[in-house]
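**Q** After the structure tokens below, expect a handful of questions from me.
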Amino acid sequence: MSTVTSPAGITAGAARVGPFTDAEAGGRPGHASPARVFATALALGTLTAVIEGHTTHRDLPVRSWTGKASRSDRFLLDHCHGSTIDLGCGPGRLAAELRTRGHDVLGVDTSRTALVEARRRGVPVECGSLFDPLPGEGTWETVLLADGNIGIGGDPTALLARARHLIHDHGRVVVDLAKAGTGLRVHQLHLRAGGLASTSFPWAELGPDALPQAASAAGLVVAAVTQRHGRTVGVLAPSTGVKS
């Protein structure tokens, strides 16, 4: 399974879409690791995702990831119940907000640079792939896949199946979704920051229209889909323990 650092927010509404610059013409990937480019982006406050084979790029909201939770973030987090494992937590803004609400939280990410900031916020973290063994497997009440992280690895069904394994039978998976009508789209993309271009890797976008099929294949059902503050949030429950 993929261990790529999650470029959070690729499907988020805050991402700005624009034409390629001259440096991005052709959408060619580079040789830097995605983790190195992501670390550079956190230092500089800018990050671009280039979807290969397309004529646009997406400028991602790096500065918001290192800031405090926004009103839109708080709406997303209202769907989390009890102990929560935040997969692809990045610098930990969401996990930190959950801690202030009294949740037991664990952040998981492959970026050591991002996790330094998460720890500074007081967030307990695990550094590694979300497909590696993790503490408390099968006991978490909520798995959080925020900021487009349902796209990690380019296979939402595999990711949701992993999330199902992490929660107990009455738990939930909370997913940030792309806009309605997106369906399931799988891309090859690479990241750019500070003159560096990463190697390419697979990434997926999942809209609410494609969520039921992906959930069913992972042993989950759609309990709710809500939309507010520019965000579409899906709540999934184990098919053996549906909970709204």
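Ordering of the structure tokens sets the chain letters (A, B, ...); residue numbers start at 1 within each chain; ligands are numbered from 1 in the order shown.
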Using only C-alpha atoms, which protein or nucleic acid residues come within 9 Å of Ala215 of chain A? Drop anything in the same chain fewer than 6 positions from it, and give the result as a ChimeraX atom specification.

**A** /A:156-157,160-161,221-222,236-237

**Q** Any chance you could export the current selection's all heavy atoms as a PDB file, in the first residue's frame?

**A**
ATOM      1  N   PRO A 156     -10.066   4.513  -2.781  1.00  0.00           N
ATOM      2  CA  PRO A 156     -10.913   4.789  -1.620  1.00  0.00           C
ATOM      3  C   PRO A 156     -11.491   3.541  -0.956  1.00  0.00           C
ATOM      4  O   PRO A 156     -11.636   3.516   0.270  1.00  0.00           O
ATOM      5  CB  PRO A 156     -12.027   5.670  -2.200  1.00  0.00           C
ATOM      6  CG  PRO A 156     -11.390   6.353  -3.364  1.00  0.00           C
ATOM      7  CD  PRO A 156     -10.480   5.316  -3.953  1.00  0.00           C
ATOM      8  N   THR A 157     -11.808   2.521  -1.735  1.00  0.00           N
ATOM      9  CA  THR A 157     -12.366   1.312  -1.132  1.00  0.00           C
ATOM     10  C   THR A 157     -11.358   0.648  -0.205  1.00  0.00           C
ATOM     11  O   THR A 157     -11.700   0.238   0.920  1.00  0.00           O
ATOM     12  CB  THR A 157     -12.826   0.327  -2.220  1.00  0.00           C
ATOM     13  OG1 THR A 157     -13.914   0.904  -2.952  1.00  0.00           O
ATOM     14  CG2 THR A 157     -13.288  -0.982  -1.608  1.00  0.00           C
ATOM     15  N   LEU A 160     -11.121   2.793   2.920  1.00  0.00           N
ATOM     16  CA  LEU A 160     -12.286   2.638   3.792  1.00  0.00           C
ATOM     17  C   LEU A 160     -12.281   1.266   4.483  1.00  0.00           C
ATOM     18  O   LEU A 160     -12.706   1.150   5.641  1.00  0.00           O
ATOM     19  CB  LEU A 160     -13.571   2.826   2.997  1.00  0.00           C
ATOM     20  CG  LEU A 160     -13.845   4.259   2.522  1.00  0.00           C
ATOM     21  CD1 LEU A 160     -15.085   4.296   1.641  1.00  0.00           C
ATOM     22  CD2 LEU A 160     -14.008   5.204   3.713  1.00  0.00           C
ATOM     23  N   ALA A 161     -11.807   0.245   3.797  1.00  0.00           N
ATOM     24  CA  ALA A 161     -11.698  -1.067   4.435  1.00  0.00           C
ATOM     25  C   ALA A 161     -10.702  -1.018   5.588  1.00  0.00           C
ATOM     26  O   ALA A 161     -10.920  -1.644   6.647  1.00  0.00           O
ATOM     27  CB  ALA A 161     -11.279  -2.117   3.405  1.00  0.00           C
ATOM     28  N   VAL A 221     -21.747   1.245   5.493  1.00  0.00           N
ATOM     29  CA  VAL A 221     -22.929   1.839   4.868  1.00  0.00           C
ATOM     30  C   VAL A 221     -22.908   3.338   5.133  1.00  0.00           C
ATOM     31  O   VAL A 221     -22.289   3.809   6.088  1.00  0.00           O
ATOM     32  CB  VAL A 221     -24.241   1.234   5.407  1.00  0.00           C
ATOM     33  CG1 VAL A 221     -24.347  -0.236   5.045  1.00  0.00           C
ATOM     34  CG2 VAL A 221     -24.354   1.430   6.916  1.00  0.00           C
ATOM     35  N   VAL A 222     -23.574   4.091   4.269  1.00  0.00           N
ATOM     36  CA  VAL A 222     -23.656   5.536   4.441  1.00  0.00           C
ATOM     37  C   VAL A 222     -24.753   5.854   5.451  1.00  0.00           C
ATOM     38  O   VAL A 222     -25.920   5.583   5.217  1.00  0.00           O
ATOM     39  CB  VAL A 222     -23.943   6.237   3.104  1.00  0.00           C
ATOM     40  CG1 VAL A 222     -24.031   7.747   3.312  1.00  0.00           C
ATOM     41  CG2 VAL A 222     -22.849   5.914   2.088  1.00  0.00           C
ATOM     42  N   LEU A 236     -19.972   7.210   7.746  1.00  0.00           N
ATOM     43  CA  LEU A 236     -20.157   5.807   7.416  1.00  0.00           C
ATOM     44  C   LEU A 236     -20.155   4.970   8.686  1.00  0.00           C
ATOM     45  O   LEU A 236     -19.459   5.300   9.651  1.00  0.00           O
ATOM     46  CB  LEU A 236     -19.028   5.321   6.497  1.00  0.00           C
ATOM     47  CG  LEU A 236     -18.761   6.175   5.258  1.00  0.00           C
ATOM     48  CD1 LEU A 236     -17.587   5.590   4.478  1.00  0.00           C
ATOM     49  CD2 LEU A 236     -19.975   6.280   4.383  1.00  0.00           C
ATOM     50  N   ALA A 237     -20.931   3.913   8.661  1.00  0.00           N
ATOM     51  CA  ALA A 237     -21.016   3.006   9.807  1.00  0.00           C
ATOM     52  C   ALA A 237     -20.807   1.572   9.332  1.00  0.00           C
ATOM     53  O   ALA A 237     -21.096   1.258   8.177  1.00  0.00           O
ATOM     54  CB  ALA A 237     -22.382   3.141  10.486  1.00  0.00           C
TER      55      ALA A 237
END

**Q** Just asking: which residues within segment 119-200 of chain A are strand (DSSP E or B) according to DSSP, as number ranges by chain?

**A** A: 125-127, 140-145, 152, 167-177, 184-193, 196-198

**Q** Just to confirm, what's the straight-line distance from atom CA of Asp86 of chain A to atom CA of Val105 of chain A in Å (one decimal)?

**A**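 Those two atoms sit 7.3 Å apart.
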
**Q** Quick one: residues within 12 Å of His165 of chain A, only C-alpha atoms counted, chain neighbours fewer than 5 positions away excluded, as an NGL selection string?

**A** :A and (130-143 or 158-160 or 170-173 or 218-220 or 237-238)

**Q** Extract, using only C-alpha atoms, all DNA, RNA and protein residues at most 12 Å from Arg119 of chain A, discarding same-chain residues fewer than 3 positions from it, and format them as a ChimeraX atom specification.

**A** /A:89-93,95-96,105-109,112-116,122-127
